[in-house]
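The data block below is query.cif; it holds mmCIF, C-alpha atoms.
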data_data
loop_
_atom_site.group_PDB
_atom_site.id
_atom_site.type_symbol
_atom_site.label_atom_id
_atom_site.label_comp_id
_atom_site.auth_asym_id
_atom_site.auth_seq_id
_atom_site.Cartn_x
_atom_site.Cartn_y
_atom_site.Cartn_z
ATOM 1 C CA MET A 16 90.921 -133.380 -90.932
ATOM 2 C CA LYS A 17 93.377 -131.467 -93.094
ATOM 3 C CA TYR A 18 91.813 -130.158 -96.281
ATOM 4 C CA ILE A 19 93.949 -130.202 -99.395
ATOM 5 C CA PRO A 20 93.192 -127.714 -102.178
ATOM 6 C CA THR A 21 92.949 -128.923 -105.750
ATOM 7 C CA LYS A 22 94.546 -126.653 -108.288
ATOM 8 C CA MET A 23 92.129 -126.353 -111.191
ATOM 9 C CA GLU A 24 93.294 -127.384 -114.653
ATOM 10 C CA ASN A 25 92.883 -124.805 -117.414
ATOM 11 C CA PRO A 26 93.466 -126.546 -120.761
ATOM 12 C CA LEU A 27 91.919 -123.671 -122.720
ATOM 13 C CA LEU A 28 93.134 -120.135 -122.130
ATOM 14 C CA VAL A 29 92.416 -116.834 -123.866
ATOM 15 C CA PRO A 30 94.893 -114.488 -122.181
ATOM 16 C CA SER A 31 94.442 -111.609 -124.647
ATOM 17 C CA ILE A 32 91.583 -110.191 -126.694
ATOM 18 C CA ILE A 33 92.627 -108.285 -129.814
ATOM 19 C CA SER A 34 89.294 -106.950 -131.068
ATOM 20 C CA ILE A 35 85.536 -107.263 -130.591
ATOM 21 C CA HIS A 36 83.180 -106.213 -133.374
ATOM 22 C CA TYR A 37 79.548 -106.230 -134.373
ATOM 23 C CA PHE A 38 79.311 -105.278 -138.036
ATOM 24 C CA GLU A 39 76.150 -104.253 -139.897
ATOM 25 C CA TYR A 40 77.253 -104.460 -143.519
ATOM 26 C CA SER A 41 75.840 -102.809 -146.606
ATOM 27 C CA VAL A 42 74.557 -105.074 -149.388
ATOM 28 C CA ASP A 43 77.671 -104.355 -151.491
ATOM 29 C CA PHE A 44 80.243 -104.620 -148.683
ATOM 30 C CA ARG A 45 83.671 -106.010 -149.628
ATOM 31 C CA TYR A 46 86.789 -106.319 -147.474
ATOM 32 C CA CYS A 47 90.178 -106.747 -149.117
ATOM 33 C CA GLY A 48 91.398 -109.290 -146.575
ATOM 34 C CA GLU A 49 94.297 -109.857 -144.182
ATOM 35 C CA ALA A 50 96.348 -112.448 -142.318
ATOM 36 C CA HIS A 51 97.627 -112.126 -138.739
ATOM 37 C CA ASP A 52 99.246 -114.175 -135.989
ATOM 38 C CA PHE A 53 96.148 -114.603 -133.805
ATOM 39 C CA TRP A 54 92.784 -116.379 -133.965
ATOM 40 C CA GLU A 55 89.630 -114.810 -135.393
ATOM 41 C CA LEU A 56 86.086 -116.091 -134.859
ATOM 42 C CA ILE A 57 83.314 -114.791 -137.116
ATOM 43 C CA MET A 58 79.624 -115.621 -136.741
ATOM 44 C CA CYS A 59 76.881 -114.623 -139.156
ATOM 45 C CA ASP A 60 74.047 -113.034 -137.177
ATOM 46 C CA LYS A 61 71.846 -111.995 -140.104
ATOM 47 C CA GLY A 62 71.617 -112.707 -143.817
ATOM 48 C CA GLU A 63 74.495 -114.455 -145.565
ATOM 49 C CA LEU A 64 78.234 -113.813 -145.641
ATOM 50 C CA CYS A 65 80.803 -115.017 -148.145
ATOM 51 C CA ILE A 66 84.208 -115.511 -146.547
ATOM 52 C CA THR A 67 87.584 -116.443 -147.945
ATOM 53 C CA ALA A 68 89.640 -118.843 -145.833
ATOM 54 C CA GLY A 69 93.004 -119.466 -147.430
ATOM 55 C CA ASP A 70 92.250 -120.615 -150.966
ATOM 56 C CA ARG A 71 88.548 -121.403 -150.347
ATOM 57 C CA ASP A 72 85.386 -119.323 -150.593
ATOM 58 C CA LEU A 73 82.597 -120.319 -148.187
ATOM 59 C CA VAL A 74 79.120 -119.018 -147.398
ATOM 60 C CA LEU A 75 77.957 -118.540 -143.813
ATOM 61 C CA THR A 76 74.246 -118.310 -143.072
ATOM 62 C CA LYS A 77 72.610 -117.011 -139.901
ATOM 63 C CA GLY A 78 73.916 -118.910 -136.876
ATOM 64 C CA GLN A 79 76.970 -120.338 -138.610
ATOM 65 C CA ALA A 80 80.513 -119.474 -137.548
ATOM 66 C CA PHE A 81 84.085 -119.951 -138.722
ATOM 67 C CA LEU A 82 87.339 -119.890 -136.756
ATOM 68 C CA HIS A 83 90.325 -118.617 -138.741
ATOM 69 C CA PRO A 84 93.615 -120.023 -137.397
ATOM 70 C CA PRO A 85 96.666 -117.775 -137.061
ATOM 71 C CA MET A 86 98.262 -116.670 -140.358
ATOM 72 C CA GLN A 87 95.348 -117.787 -142.533
ATOM 73 C CA PHE A 88 94.458 -115.213 -145.163
ATOM 74 C CA HIS A 89 90.785 -114.295 -144.879
ATOM 75 C CA ASN A 90 88.244 -111.739 -145.974
ATOM 76 C CA VAL A 91 84.504 -111.209 -145.789
ATOM 77 C CA ARG A 92 81.880 -109.777 -148.118
ATOM 78 C CA ALA A 93 78.132 -109.451 -148.248
ATOM 79 C CA TYR A 94 76.318 -112.234 -150.074
ATOM 80 C CA GLY A 95 72.783 -112.314 -151.423
ATOM 81 C CA ASP A 96 70.164 -109.577 -151.577
ATOM 82 C CA ASP A 97 69.964 -108.686 -147.868
ATOM 83 C CA ALA A 98 72.495 -106.691 -145.842
ATOM 84 C CA PRO A 99 74.177 -109.151 -143.432
ATOM 85 C CA ASN A 100 75.486 -108.704 -139.876
ATOM 86 C CA SER A 101 78.354 -110.441 -138.116
ATOM 87 C CA VAL A 102 80.037 -110.820 -134.746
ATOM 88 C CA ILE A 103 83.841 -110.998 -134.866
ATOM 89 C CA ILE A 104 86.177 -111.691 -131.950
ATOM 90 C CA SER A 105 89.919 -111.984 -132.432
ATOM 91 C CA PHE A 106 92.132 -113.278 -129.669
ATOM 92 C CA GLU A 107 95.382 -114.934 -128.672
ATOM 93 C CA SER A 108 95.439 -118.490 -127.324
ATOM 94 C CA PRO A 109 98.085 -121.213 -127.005
ATOM 95 C CA THR A 110 95.420 -123.966 -126.972
ATOM 96 C CA ALA A 111 96.199 -126.620 -129.594
ATOM 97 C CA GLU A 112 92.657 -128.070 -129.386
ATOM 98 C CA LEU A 113 91.360 -124.977 -131.150
ATOM 99 C CA TYR A 114 92.655 -126.464 -134.395
ATOM 100 C CA SER A 115 89.959 -129.155 -134.084
ATOM 101 C CA ILE A 116 87.287 -126.497 -134.747
ATOM 102 C CA ALA A 117 89.333 -124.204 -136.997
ATOM 103 C CA ASP A 118 89.058 -123.855 -140.752
ATOM 104 C CA LYS A 119 85.552 -125.320 -140.989
ATOM 105 C CA VAL A 120 81.966 -124.047 -140.928
ATOM 106 C CA LEU A 121 80.504 -124.441 -137.441
ATOM 107 C CA ASN A 122 76.810 -124.643 -136.662
ATOM 108 C CA THR A 123 76.287 -122.751 -133.413
ATOM 109 C CA ASP A 124 73.453 -122.906 -130.896
ATOM 110 C CA SER A 125 71.815 -120.713 -128.272
ATOM 111 C CA TYR A 126 74.716 -121.278 -125.861
ATOM 112 C CA VAL A 127 77.221 -119.765 -128.302
ATOM 113 C CA ALA A 128 74.872 -116.912 -129.222
ATOM 114 C CA THR A 129 74.312 -116.035 -125.564
ATOM 115 C CA ALA A 130 78.052 -116.096 -124.866
ATOM 116 C CA LEU A 131 78.875 -113.926 -127.883
ATOM 117 C CA PHE A 132 76.301 -111.289 -127.070
ATOM 118 C CA SER A 133 77.388 -111.291 -123.436
ATOM 119 C CA VAL A 134 80.875 -110.484 -124.728
ATOM 120 C CA LEU A 135 79.459 -107.639 -126.827
ATOM 121 C CA ASN A 136 77.483 -106.314 -123.878
ATOM 122 C CA GLU A 137 80.495 -106.263 -121.566
ATOM 123 C CA ALA A 138 82.708 -104.802 -124.296
ATOM 124 C CA GLY A 139 80.390 -101.798 -124.466
ATOM 125 C CA LYS A 140 80.903 -101.258 -120.736
ATOM 126 C CA SER A 141 84.667 -101.754 -120.720
ATOM 127 C CA PHE A 142 85.928 -100.219 -123.948
ATOM 128 C CA GLY A 143 85.317 -97.054 -125.926
ATOM 129 C CA ASN A 144 85.781 -98.615 -129.348
ATOM 130 C CA LYS A 145 82.828 -98.494 -131.697
ATOM 131 C CA LEU A 146 81.857 -102.097 -132.279
ATOM 132 C CA GLY A 147 81.283 -101.420 -135.970
ATOM 133 C CA SER A 148 84.597 -99.660 -136.624
ATOM 134 C CA VAL A 149 87.926 -101.156 -137.673
ATOM 135 C CA VAL A 150 89.896 -97.929 -137.238
ATOM 136 C CA GLU A 151 91.479 -98.656 -133.842
ATOM 137 C CA PRO A 152 94.218 -101.329 -133.811
ATOM 138 C CA ARG A 153 93.569 -102.075 -130.141
ATOM 139 C CA LEU A 154 90.841 -102.053 -127.517
ATOM 140 C CA ILE A 155 90.724 -98.715 -125.690
ATOM 141 C CA ARG A 156 89.508 -98.778 -122.104
ATOM 142 C CA ASN A 157 86.807 -96.309 -121.111
ATOM 143 C CA GLN A 158 87.888 -93.425 -118.917
ATOM 144 C CA ARG A 159 84.953 -94.186 -116.649
ATOM 145 C CA PRO A 160 85.607 -97.346 -114.604
ATOM 146 C CA ALA A 161 83.838 -100.404 -115.965
ATOM 147 C CA PRO A 162 81.647 -102.600 -113.748
ATOM 148 C CA PHE A 163 83.513 -105.004 -111.510
ATOM 149 C CA ALA A 164 85.341 -107.773 -113.438
ATOM 150 C CA SER A 165 83.890 -106.741 -116.808
ATOM 151 C CA GLU A 166 87.029 -107.714 -118.719
ATOM 152 C CA GLN A 167 87.160 -111.041 -116.892
ATOM 153 C CA ILE A 168 83.583 -111.723 -117.982
ATOM 154 C CA ILE A 169 84.644 -111.103 -121.591
ATOM 155 C CA GLN A 170 87.545 -113.515 -121.195
ATOM 156 C CA ASN A 171 85.439 -116.156 -119.432
ATOM 157 C CA TYR A 172 82.582 -116.088 -121.945
ATOM 158 C CA THR A 173 85.055 -116.308 -124.836
ATOM 159 C CA GLU A 174 86.721 -119.314 -123.233
ATOM 160 C CA LEU A 175 83.375 -120.954 -122.445
ATOM 161 C CA LEU A 176 82.013 -120.665 -125.975
ATOM 162 C CA LEU A 177 85.251 -122.071 -127.406
ATOM 163 C CA ILE A 178 85.154 -124.976 -124.933
ATOM 164 C CA HIS A 179 81.536 -125.591 -125.943
ATOM 165 C CA LEU A 180 82.438 -125.678 -129.649
ATOM 166 C CA ILE A 181 85.390 -128.017 -129.025
ATOM 167 C CA ARG A 182 83.257 -130.374 -126.937
ATOM 168 C CA ASN A 183 80.610 -130.478 -129.660
ATOM 169 C CA GLU A 184 83.304 -131.400 -132.160
ATOM 170 C CA MET A 185 84.963 -134.021 -129.957
ATOM 171 C CA GLU A 186 81.846 -135.547 -128.424
ATOM 172 C CA PRO A 187 78.810 -135.079 -130.682
ATOM 173 C CA SER A 188 75.593 -136.185 -129.056
ATOM 174 C CA ALA A 189 73.990 -139.429 -130.224
ATOM 175 C CA ASP A 190 70.942 -137.484 -131.422
ATOM 176 C CA SER A 191 73.035 -135.173 -133.587
ATOM 177 C CA GLN A 192 74.453 -138.196 -135.440
ATOM 178 C CA LEU A 193 71.042 -139.443 -136.525
ATOM 179 C CA PRO A 194 69.969 -138.694 -140.098
ATOM 180 C CA THR A 195 67.695 -135.668 -140.315
ATOM 181 C CA ASN A 196 64.765 -137.690 -141.670
ATOM 182 C CA VAL A 197 64.967 -140.085 -138.685
ATOM 183 C CA LYS A 198 64.799 -137.229 -136.201
ATOM 184 C CA ARG A 199 61.882 -135.638 -138.047
ATOM 185 C CA ASN A 200 59.949 -138.895 -138.272
ATOM 186 C CA ASP A 201 60.419 -139.533 -134.559
ATOM 187 C CA MET A 202 59.159 -136.044 -133.738
ATOM 188 C CA CYS A 203 56.122 -136.445 -136.008
ATOM 189 C CA GLU A 204 55.242 -139.766 -134.359
ATOM 190 C CA ARG A 205 55.450 -138.192 -130.900
ATOM 191 C CA ILE A 206 53.208 -135.304 -131.983
ATOM 192 C CA VAL A 207 50.593 -137.602 -133.505
ATOM 193 C CA ARG A 208 50.669 -139.894 -130.479
ATOM 194 C CA TYR A 209 50.177 -136.957 -128.117
ATOM 195 C CA MET A 210 47.236 -135.642 -130.150
ATOM 196 C CA GLU A 211 45.581 -139.062 -130.280
ATOM 197 C CA GLU A 212 45.927 -139.449 -126.512
ATOM 198 C CA ASN A 213 44.452 -136.009 -125.858
ATOM 199 C CA LEU A 214 41.631 -135.746 -128.412
ATOM 200 C CA SER A 215 39.109 -134.907 -125.701
ATOM 201 C CA GLU A 216 41.226 -132.032 -124.379
ATOM 202 C CA LYS A 217 41.398 -128.461 -125.588
ATOM 203 C CA MET A 218 44.951 -128.365 -126.956
ATOM 204 C CA THR A 219 46.936 -125.204 -127.607
ATOM 205 C CA PHE A 220 49.797 -124.796 -130.075
ATOM 206 C CA ALA A 221 52.187 -124.670 -127.111
ATOM 207 C CA ASP A 222 50.877 -128.076 -125.956
#
Structure translated into structure tokens:
Amino acid sequence: MKYIPTKMENPLLVPSIISIHYFEYSVDFRYCGEAHDFWELIMCDKGELCITAGDRDLVLTKGQAFLHPPMQFHNVRAYGDDAPNSVIISFESPTAELYSIADKVLNTDSYVATALFSVLNEAGKSFGNKLGSVVEPRLIRNQRPAPFASEQIIQNYTELLLIHLIRNEMEPSADSQLPTNVKRNDMCERIVRYMEENLSEKMTFAD
């Protein structure tokens, strides 16, 4: 039998990373804003952030993200009484499907959080830039060799989290389309039913 290789399709590509940041802002932080010809993903990791996206002002809470498309003016500032934190990754990509998740508030999940912090972890091994500094206009490789394929891990995790966000936008799960009160009622009924069926047992909170 002659085996025939299948060339893998790659509809989403992130060939270049511009910057990787983890910012811990002060309560009164304000950034004047900018526009550039590449994508920028920001996720609120703590507190609340007010961002400008074009002519709109939006508030991001913990776990929410926003993808600025190329050439969109944007800025960020602290919002509320607590000092917020954010993860920001800017990158180049020719993928048109990114516009399906751009310019809107995105609710992320544990998959996205894991991918983002894996990017941050590998960035610390590969590059000498301070993650909380905006001084350098480019990523600077460490003089000491990084672990094997560290930069590829950064690229792969960035691509995976973007694919995940696009899939969620294109193919929302049936459960996510249910009204919140329906999902809550269903959960309450399951809890009550379980308790009724196990009244004679010693139940823990985990149960």
query = What does the PyMOL selection byres ((chain A and resi 39) around 7) select in this file, as a PyMOL selection string?
reply = chain A and resi 37-38+40-41+99-101
query = Which value, in Å to one decimal, gives the distance between CA of Glu49 in chain A and CA of Asn90 in chain A?
reply =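 Atom-to-atom, CA of Glu49 in chain A and CA of Asn90 in chain A are spaced 6.6 Å apart.
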message = Report as a PyMOL selection string all protein, DNA and RNA residues lying within 12 Å of Phe88 in chain A, evaluated on all atoms listed in the file, omitting residues in the same chain fewer than 3 positions from it.
response = chain A and resi 46-55+66-72+82-85+91+118
ask   = At what distance in Å, to one decimal, does CA of Lys145 in chain A lie from CA of Asp97 in chain A?
value =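 Computing it gives 23.0 Å between the two atoms.
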Shell of 10 Å around Leu121 in chain A, all atoms listed in the file, local chain residues under 6 positions omitted, as a ChimeraX atom specification = /A:58,75,78-82,180,183-184
query = CA of Pro109 in chain A and CA of Glu186 in chain A, how far apart in Å?
reply = 21.7 Å
task = Please provide as a list in words all residues within 7 Å of Arg156 in chain A, with the sequence filter that same-chain residues fewer than 4 positions apart are discarded (counting all atoms listed in the file).
result =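 In the requested format, the answer is Ser141, Phe142 and Gly143 of chain A.
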Proximity to Val127 in chain A - best of A:Tyr94, A:Phe163, A:Phe44, A:Tyr172, all atoms listed in the file = A:Tyr172
inquiry  = List the spatial neighbours of Pro152 in chain A as an NGL selection string - criterion: any atom at most 12 Å away, all atoms listed in the file, same-chain residues fewer than 6 positions off excluded.
reply    = :A and (32-35 or 105 or 144-145)
task = Could you tell me which of A:Leu177, A:Leu64, A:Ala138, A:Ala161 comes closest to Tyr114 in chain A if we count all atoms listed in the file?
result =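 Closest residue, counting all atoms listed in the file: A:Leu177.
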